[in-house]
file work14.tsv (TSV, C-alpha atoms)
chain	number	residue	atom	x	y	z
T	21	MET	CA	0.00	0.00	0.00
T	22	ARG	CA	1.18	3.52	-0.76
T	23	ASN	CA	-0.30	6.97	-0.87
T	24	THR	CA	0.01	8.16	-4.48
T	25	GLY	CA	-0.33	11.78	-3.43
T	26	ILE	CA	-3.20	12.25	-5.91
T	27	GLU	CA	-6.33	13.96	-4.65
T	28	TYR	CA	-9.66	14.69	-6.29
T	29	GLY	CA	-12.52	16.92	-5.22
T	30	SER	CA	-16.05	15.58	-5.06
T	31	GLY	CA	-16.89	17.51	-8.22
T	32	GLU	CA	-13.99	16.08	-10.24
T	33	ARG	CA	-14.44	12.32	-10.06
T	34	THR	CA	-17.20	9.93	-9.00
T	35	PRO	CA	-16.26	7.32	-6.38
T	36	VAL	CA	-17.35	3.70	-6.78
T	37	VAL	CA	-18.91	1.87	-3.81
T	38	LEU	CA	-18.50	-1.91	-3.71
T	39	PRO	CA	-20.83	-3.78	-1.31
T	40	GLU	CA	-17.99	-6.10	-0.26
T	41	MET	CA	-15.99	-3.06	0.93
T	42	ALA	CA	-18.92	-1.08	2.34
T	43	GLN	CA	-20.13	-4.11	4.34
T	44	LEU	CA	-16.71	-5.31	5.50
T	45	LEU	CA	-17.06	-3.73	8.95
T	46	PRO	CA	-20.12	-3.75	11.24
T	47	PRO	CA	-22.42	-0.74	10.67
T	48	LEU	CA	-22.13	2.24	13.02
T	49	THR	CA	-24.65	2.45	15.83
T	50	GLY	CA	-27.37	5.07	15.54
T	51	GLU	CA	-25.56	7.16	18.15
T	52	GLN	CA	-22.22	6.95	16.34
T	53	LEU	CA	-23.82	7.82	13.01
T	54	ALA	CA	-25.64	10.81	14.53
T	55	ALA	CA	-22.38	12.08	16.06
T	56	LEU	CA	-20.58	11.76	12.72
T	57	GLU	CA	-23.41	13.55	10.92
T	58	ALA	CA	-23.39	16.40	13.45
T	59	ASP	CA	-19.60	16.79	13.09
T	60	LEU	CA	-19.80	16.88	9.28
T	61	LEU	CA	-22.57	19.47	9.35
T	62	ALA	CA	-20.65	21.63	11.82
T	63	ASN	CA	-17.11	21.27	10.48
T	64	GLY	CA	-17.34	19.87	6.95
T	65	CYS	CA	-15.52	16.78	5.72
T	66	TYR	CA	-11.94	17.51	6.81
T	67	SER	CA	-10.68	13.91	6.39
T	68	PRO	CA	-10.42	12.64	2.81
T	69	ILE	CA	-12.30	9.59	1.55
T	70	ILE	CA	-9.72	6.91	0.67
T	71	VAL	CA	-10.09	5.39	-2.81
T	72	ASN	CA	-7.90	3.08	-4.87
T	73	GLU	CA	-6.68	3.82	-8.38
T	74	ASP	CA	-9.98	2.56	-9.83
T	75	MET	CA	-11.82	5.11	-7.63
T	76	THR	CA	-13.26	2.32	-5.46
T	77	VAL	CA	-13.93	3.57	-1.93
T	78	ILE	CA	-11.69	1.79	0.56
T	79	ASP	CA	-12.33	3.80	3.71
T	80	GLY	CA	-14.89	6.49	4.52
T	81	HIS	CA	-18.17	4.95	3.33
T	82	ASN	CA	-20.24	6.54	6.11
T	83	ARG	CA	-18.72	9.98	5.55
T	84	LEU	CA	-19.29	9.66	1.81
T	85	GLU	CA	-22.96	8.73	2.27
T	86	LEU	CA	-23.59	11.60	4.68
T	87	CYS	CA	-21.72	14.13	2.52
T	88	GLU	CA	-23.78	13.20	-0.51
T	89	LYS	CA	-26.98	13.31	1.56
T	90	HIS	CA	-26.29	16.88	2.71
T	91	GLY	CA	-24.35	18.16	-0.32
T	92	ILE	CA	-21.13	18.59	1.67
T	93	PRO	CA	-17.97	18.82	-0.51
T	94	TYR	CA	-15.26	16.23	0.19
T	95	LYS	CA	-11.79	15.23	-0.97
T	96	MET	CA	-10.70	11.80	-2.19
T	97	ALA	CA	-7.12	10.62	-1.61
T	98	VAL	CA	-5.88	7.92	-4.01
T	99	PHE	CA	-3.99	5.01	-2.45
T	100	SER	CA	-2.42	2.17	-4.39
T	101	PHE	CA	-3.02	-1.42	-3.20
T	102	ALA	CA	-1.63	-4.69	-4.53
T	103	ASP	CA	-5.14	-6.21	-4.56
T	104	MET	CA	-8.49	-5.96	-2.84
T	105	LEU	CA	-7.30	-8.18	0.01
T	106	GLU	CA	-4.59	-5.67	0.88
T	107	ALA	CA	-7.16	-2.88	0.62
T	108	LYS	CA	-9.55	-4.69	2.97
T	109	GLN	CA	-6.75	-5.47	5.40
T	110	TRP	CA	-5.69	-1.81	5.42
T	111	ALA	CA	-9.27	-0.62	5.98
T	112	LEU	CA	-9.66	-3.08	8.85
T	113	ASP	CA	-6.36	-2.09	10.48
T	114	THR	CA	-7.31	1.58	10.16
T	115	GLN	CA	-10.75	1.13	11.69
T	116	LYS	CA	-9.78	-1.27	14.49
T	117	GLY	CA	-8.25	1.62	16.42
T	118	ARG	CA	-11.46	3.66	16.09
T	119	ARG	CA	-13.98	0.91	16.78
T	120	ASN	CA	-14.46	-1.25	19.84
T	121	LEU	CA	-14.77	-4.53	17.91
T	122	ASP	CA	-15.08	-7.71	19.96
T	123	LYS	CA	-13.68	-11.09	18.93
T	124	TRP	CA	-16.96	-12.30	17.43
T	125	GLU	CA	-17.17	-9.21	15.21
T	126	LEU	CA	-13.53	-9.63	14.18
T	127	GLY	CA	-14.15	-13.29	13.44
T	128	LYS	CA	-17.08	-12.41	11.18
T	129	ILE	CA	-14.86	-9.93	9.32
T	130	ALA	CA	-12.27	-12.68	8.87
T	131	LEU	CA	-14.93	-14.90	7.31
T	132	LYS	CA	-15.51	-12.18	4.71
T	133	LEU	CA	-11.77	-12.19	3.94
T	134	LYS	CA	-11.67	-15.96	3.44
T	135	PRO	CA	-12.38	-15.96	-0.36
T	136	ASP	CA	-9.68	-13.32	-0.90
T	137	LEU	CA	-7.16	-15.23	1.20
T	138	GLU	CA	-7.87	-18.45	-0.70
T	139	ALA	CA	-7.65	-16.64	-4.03
T	140	ARG	CA	-4.30	-15.12	-3.11
T	141	ALA	CA	-2.97	-18.51	-1.99
T	142	LYS	CA	-4.05	-20.05	-5.28
T	143	ALA	CA	-2.46	-17.22	-7.26
T	144	ASN	CA	0.79	-17.57	-5.32
T	145	GLN	CA	0.80	-21.30	-5.93
T	146	SER	CA	0.29	-20.80	-9.67
T	147	ALA	CA	3.06	-18.19	-9.73
T	148	ALA	CA	5.37	-20.76	-8.16
T	149	GLY	CA	4.78	-23.16	-11.05
T	150	GLY	CA	1.89	-25.20	-9.69
T	151	ASP	CA	1.94	-27.79	-6.97
T	152	LYS	CA	2.39	-30.93	-9.04
T	153	SER	CA	4.83	-32.27	-11.61
T	154	GLU	CA	3.75	-33.96	-14.85
T	155	GLN	CA	3.73	-37.26	-12.99
T	156	GLY	CA	1.47	-35.81	-10.32
T	157	ALA	CA	4.10	-35.81	-7.55
T	158	LEU	CA	4.39	-32.77	-5.32
T	159	LEU	CA	7.38	-30.60	-6.15
T	160	VAL	CA	8.49	-30.41	-2.53
T	161	ASN	CA	12.14	-30.01	-3.55
T	162	SER	CA	11.49	-27.20	-6.01
T	163	PRO	CA	12.85	-23.82	-4.87
T	164	LYS	CA	9.51	-22.34	-5.96
T	165	ALA	CA	7.41	-24.80	-3.96
T	166	LEU	CA	5.12	-23.16	-1.40
T	167	LEU	CA	4.13	-24.42	2.02
T	168	PRO	CA	0.48	-25.49	2.37
T	169	VAL	CA	-1.74	-22.56	3.29
T	170	ASN	CA	-3.41	-22.70	6.68
T	171	THR	CA	-6.52	-20.65	5.89
T	172	ARG	CA	-7.71	-20.60	9.49
T	173	LYS	CA	-4.36	-19.25	10.65
T	174	GLU	CA	-4.28	-16.65	7.86
T	175	MET	CA	-7.80	-15.50	8.77
T	176	ALA	CA	-6.96	-15.27	12.47
T	177	GLN	CA	-3.81	-13.26	11.79
T	178	ALA	CA	-5.66	-10.94	9.39
T	179	VAL	CA	-7.99	-9.70	12.15
T	180	GLY	CA	-5.77	-10.22	15.19
T	181	ILE	CA	-7.46	-13.06	17.07
T	182	GLY	CA	-6.24	-16.50	18.14
T	183	GLU	CA	-6.30	-19.39	15.70
T	184	GLN	CA	-8.40	-21.51	18.08
T	185	THR	CA	-10.91	-18.68	18.45
T	186	MET	CA	-11.05	-18.36	14.67
T	187	GLY	CA	-11.74	-22.08	14.38
T	188	ARG	CA	-14.64	-21.78	16.79
T	189	VAL	CA	-16.07	-18.83	14.87
T	190	MET	CA	-15.91	-20.92	11.69
T	191	GLN	CA	-17.70	-23.83	13.38
T	192	ILE	CA	-20.41	-21.50	14.71
T	193	ASP	CA	-20.85	-19.87	11.30
T	194	GLU	CA	-21.21	-23.24	9.60
T	195	HIS	CA	-23.28	-25.20	12.10
T	196	ALA	CA	-25.00	-22.91	14.63
T	197	PRO	CA	-28.75	-22.19	14.43
T	198	PRO	CA	-29.70	-18.54	13.72
T	199	ALA	CA	-30.66	-17.99	17.37
T	200	VAL	CA	-27.09	-18.71	18.52
T	201	LYS	CA	-25.59	-16.29	15.99
T	202	GLU	CA	-28.12	-13.64	16.95
T	203	ALA	CA	-27.24	-14.06	20.63
T	204	LEU	CA	-23.56	-13.62	19.77
T	205	ASP	CA	-24.38	-10.50	17.75
T	206	ASN	CA	-26.26	-9.09	20.75
T	207	GLY	CA	-23.46	-9.91	23.19
T	208	GLU	CA	-25.60	-12.44	25.07
T	209	LEU	CA	-23.12	-15.28	24.52
T	210	SER	CA	-19.35	-15.49	24.38
T	211	ILE	CA	-17.65	-17.31	21.51
T	212	ASN	CA	-16.84	-20.22	23.83
T	213	GLN	CA	-20.46	-20.45	24.96
T	214	GLY	CA	-21.70	-20.24	21.39
T	215	TYR	CA	-19.25	-22.93	20.28
T	216	ASN	CA	-20.13	-25.31	23.13
T	217	LEU	CA	-23.84	-24.75	22.55
T	218	THR	CA	-23.39	-25.41	18.82
T	219	LYS	CA	-21.68	-28.74	19.59
T	220	GLN	CA	-24.41	-29.74	22.04
T	221	LEU	CA	-27.14	-28.94	19.52
T	222	GLN	CA	-25.61	-31.20	16.88
T	223	VAL	CA	-27.19	-34.23	18.61
T	224	VAL	CA	-30.64	-32.59	18.62
T	225	PRO	CA	-32.91	-33.45	15.65
T	226	GLU	CA	-32.71	-30.68	13.08
T	227	ASP	CA	-36.41	-29.83	13.26
T	228	GLN	CA	-36.07	-29.26	17.04
T	229	ARG	CA	-32.75	-27.43	16.96
T	230	ASP	CA	-34.04	-23.84	16.77
T	231	GLU	CA	-36.36	-24.27	19.75
T	232	ALA	CA	-33.64	-26.04	21.76
T	233	ALA	CA	-31.20	-23.22	20.95
T	234	THR	CA	-33.68	-20.56	22.11
T	235	GLN	CA	-34.26	-22.39	25.40
T	236	ALA	CA	-30.53	-22.92	25.98
T	237	ILE	CA	-29.78	-19.25	25.33
T	238	ALA	CA	-32.53	-18.17	27.75
T	239	LEU	CA	-31.03	-20.50	30.39
T	240	ALA	CA	-27.52	-19.13	29.79
T	241	GLN	CA	-28.84	-15.56	30.11
T	242	ALA	CA	-30.62	-16.43	33.37
T	243	LYS	CA	-27.43	-17.95	34.79
T	244	LYS	CA	-25.49	-14.84	33.76
T	245	GLU	CA	-27.99	-12.58	35.51
T	246	LEU	CA	-27.78	-14.73	38.66
T	247	ARG	CA	-23.98	-14.49	38.61
T	248	GLU	CA	-24.22	-10.72	38.26
T	249	LEU	CA	-26.67	-10.54	41.16
T	250	ASP	CA	-24.39	-12.72	43.29
T	251	ALA	CA	-21.41	-10.52	42.41
T	252	ALA	CA	-23.37	-7.38	43.27
T	253	ALA	CA	-24.49	-8.90	46.59
T	254	GLU	CA	-20.91	-9.91	47.39
T	255	HIS	CA	-19.72	-6.39	46.60
T	256	ARG	CA	-22.38	-4.85	48.87
T	257	GLY	CA	-21.45	-7.25	51.67
T	258	LYS	CA	-17.74	-6.50	51.27
T	259	VAL	CA	-18.34	-2.74	51.48
T	260	ALA	CA	-20.60	-3.17	54.52
T	261	ARG	CA	-18.02	-5.33	56.33
T	262	LEU	CA	-15.26	-2.83	55.53
T	263	PHE	CA	-17.23	0.08	57.04
T	264	CYS	CA	-18.19	-1.94	60.12
T	265	LYS	CA	-14.58	-2.91	60.71
T	266	ALA	CA	-13.38	0.67	60.26
T	267	PHE	CA	-15.91	1.99	62.80
T	268	GLU	CA	-15.21	-0.84	65.27
T	269	HIS	CA	-11.52	0.01	65.25
T	270	ALA	CA	-12.04	3.77	65.29
T	271	VAL	CA	-14.32	3.80	68.36
T	272	GLN	CA	-11.72	1.84	70.32
T	273	LEU	CA	-9.30	4.75	70.03
T	274	THR	CA	-9.10	7.29	72.85
T	275	PRO	CA	-7.15	10.19	71.36
T	276	THR	CA	-5.56	11.63	74.50
T	277	GLU	CA	-2.06	13.06	74.39
T	278	GLU	CA	-0.81	10.27	76.62
T	279	ASN	CA	-2.24	7.56	74.36
T	280	VAL	CA	-0.82	9.16	71.22
T	281	ARG	CA	2.63	9.41	72.87
T	282	LEU	CA	2.42	5.74	73.87
T	283	TRP	CA	1.60	4.89	70.24
T	284	VAL	CA	4.56	6.91	68.92
T	285	GLU	CA	6.99	5.53	71.49
T	286	GLY	CA	5.71	1.95	71.26
T	287	THR	CA	6.15	1.84	67.50
T	288	ARG	CA	9.44	3.83	67.58
T	289	MET	CA	8.13	6.33	65.01
T	290	ARG	CA	10.69	8.42	63.20
T	291	THR	CA	10.05	12.10	62.47
T	292	ASP	CA	9.11	11.40	58.83
T	293	GLU	CA	6.71	8.66	59.96
T	294	ILE	CA	5.04	11.05	62.44
T	295	GLU	CA	4.62	13.56	59.61
T	296	ASP	CA	3.04	10.86	57.40
T	297	SER	CA	0.73	9.82	60.25
T	298	VAL	CA	-0.40	13.44	60.70
T	299	LYS	CA	-1.39	13.57	57.01
T	300	GLU	CA	-3.16	10.21	57.23
T	301	ALA	CA	-5.04	11.25	60.38
T	302	ARG	CA	-6.21	14.46	58.73
T	303	GLU	CA	-7.36	12.47	55.68
T	304	LEU	CA	-9.19	9.97	57.91
T	305	ALA	CA	-10.89	12.88	59.67
T	306	ARG	CA	-12.13	14.12	56.28
T	307	VAL	CA	-13.31	10.61	55.37
T	308	PHE	CA	-15.32	10.21	58.59
T	309	ALA	CA	-16.70	13.74	58.28
T	310	ALA	CA	-17.90	12.87	54.74
T	311	ILE	CA	-19.51	9.68	56.06
T	312	ALA	CA	-21.28	11.69	58.76
T	313	ASP	CA	-22.62	14.15	56.17
T	314	ILE	CA	-23.97	11.30	54.00
T	315	LEU	CA	-25.57	9.58	57.01
T	316	GLU	CA	-27.27	12.82	58.02
T	317	ARG	CA	-28.79	13.16	54.55
T	318	MET	CA	-30.17	9.63	54.90
T	319	LEU	CA	-32.02	10.48	58.12
T	320	PRO	CA	-35.79	10.94	57.83
T	321	ILE	CA	-36.80	14.61	57.63
T	322	GLU	CA	-38.94	14.41	60.78
T	323	VAL	CA	-35.99	13.09	62.79
T	324	GLY	CA	-33.83	15.96	61.65
T	325	ALA	CA	-36.60	18.43	62.52
T	326	GLU	CA	-36.93	16.99	66.04
T	327	GLU	CA	-33.18	17.42	66.62
T	328	GLU	CA	-33.37	21.08	65.59
T	329	THR	CA	-36.12	21.81	68.14
T	330	THR	CA	-34.23	20.25	71.07

call {"tool": "encode", "arguments": {"input": "work14.tsv", "output": "structure tokens"}}
result
Amino acid sequence: MRNTGIEYGSGERTPVVLPEMAQLLPPLTGEQLAALEADLLANGCYSPIIVNEDMTVIDGHNRLELCEKHGIPYKMAVFSFADMLEAKQWALDTQKGRRNLDKWELGKIALKLKPDLEARAKANQSAAGGDKSEQGALLVNSPKALLPVNTRKEMAQAVGIGEQTMGRVMQIDEHAPPAVKEALDNGELSINQGYNLTKQLQVVPEDQRDEAATQAIALAQAKKELRELDAAAEHRGKVARLFCKAFEHAVQLTPTEENVRLWVEGTRMRTDEIEDSVKEARELARVFAAIADILERMLPIEVGAEEETT
């Protein structure tokens, strides 16, 4: 890939939109699209649309659509790519830093790259003189011979996920009922859960598979909600125990000068340690004062009114 340095204005050339490029990445959310539209309307299109030498749009499909919708002028920067696979890879690498794509989304993008990866492998093999001699034997000793292509590995590397994860995405894509894929799209299942569920459903009769998938997903969602409730309850209990312990220890202190001297002498505090303890004590005083303020706000109004009259 290289930037040719050539630029065109929107009135000079007409860009070409290919569905396979426009649909490579997941669509923007309504909120993201609205934010982009507001920015374009306020500031214009200050980033160029990236096209290849055939004027095919490589990056900037959403900006292009919004600019044409509102009649906003835009620039097109011409980049040169070896092939469409390199163009797709570049667009993906560029957008990955701007989008919060999870592994399932990346895996689905990799599936879209699979035909291009296979086509490139086949072209490379042909360029190396083919993979068989006239007798049909593999030319493993030929200096032009190529190693077998691991498509799953190539796909995983293209989007930056693990090869095992890519394999599970491929299995889900090929064998999972629509309900499982939809749950993954909605973030209701992890790839591991979707993969395990897909394997379990293989033994279910095909005409019952969709219903079984829906029930299994509902069960998984219920278990997830229970785990979240348990975690929230544990967090509340931990905070409560921490406050109780802090108050139990604090009320045991009698801050007389004699007791503080005994503390300093008994622990052999140095001058710098006394200074640190002064800072910590002041901070603790602020913490307990803040707790007192919050507790007072939690008191019923009538209780507070009674205290004022006494």

call {"tool": "closest_residue", "arguments": {"input": "work14.tsv", "among": "T:Val298, T:Met21, T:Leu105, T:Ala310", "to": "Ala141 (chain T)", "atoms": "all atoms listed in the file"}}
result
T:Leu105

call {"tool": "atom_distance", "arguments": {"input": "work14.tsv", "atom1": "CA of Gln145 (chain T)", "atom2": "CA of Gln184 (chain T)"}}
result
25.7 Å

call {"tool": "atom_distance", "arguments": {"input": "work14.tsv", "atom1": "CA of Ala266 (chain T)", "atom2": "CA of Ala309 (chain T)"}}
result
13.6 Å

call {"tool": "closest_residue", "arguments": {"input": "work14.tsv", "among": "T:Asn206, T:Gly127, T:Arg281, T:Asp227", "to": "Met190 (chain T)", "atoms": "all atoms listed in the file"}}
result
T:Gly127

call {"tool": "atom_distance", "arguments": {"input": "work14.tsv", "atom1": "CA of Glu88 (chain T)", "atom2": "CA of Phe101 (chain T)"}}
result
25.5 Å

call {"tool": "closest_residue", "arguments": {"input": "work14.tsv", "among": "T:Tyr215, T:Tyr28, T:Trp124, T:Trp110", "to": "Tyr94 (chain T)", "atoms": "all atoms listed in the file"}}
result
T:Tyr28

call {"tool": "closest_residue", "arguments": {"input": "work14.tsv", "among": "T:Thr185, T:Thr171, T:Asn72, T:Asn23", "to": "Leu137 (chain T)", "atoms": "all atoms listed in the file"}}
result
T:Thr171

call {"tool": "closest_residue", "arguments": {"input": "work14.tsv", "among": "T:Ile311, T:Leu239, T:Ala252, T:Leu61", "to": "Ile92 (chain T)", "atoms": "all atoms listed in the file"}}
result
T:Leu61
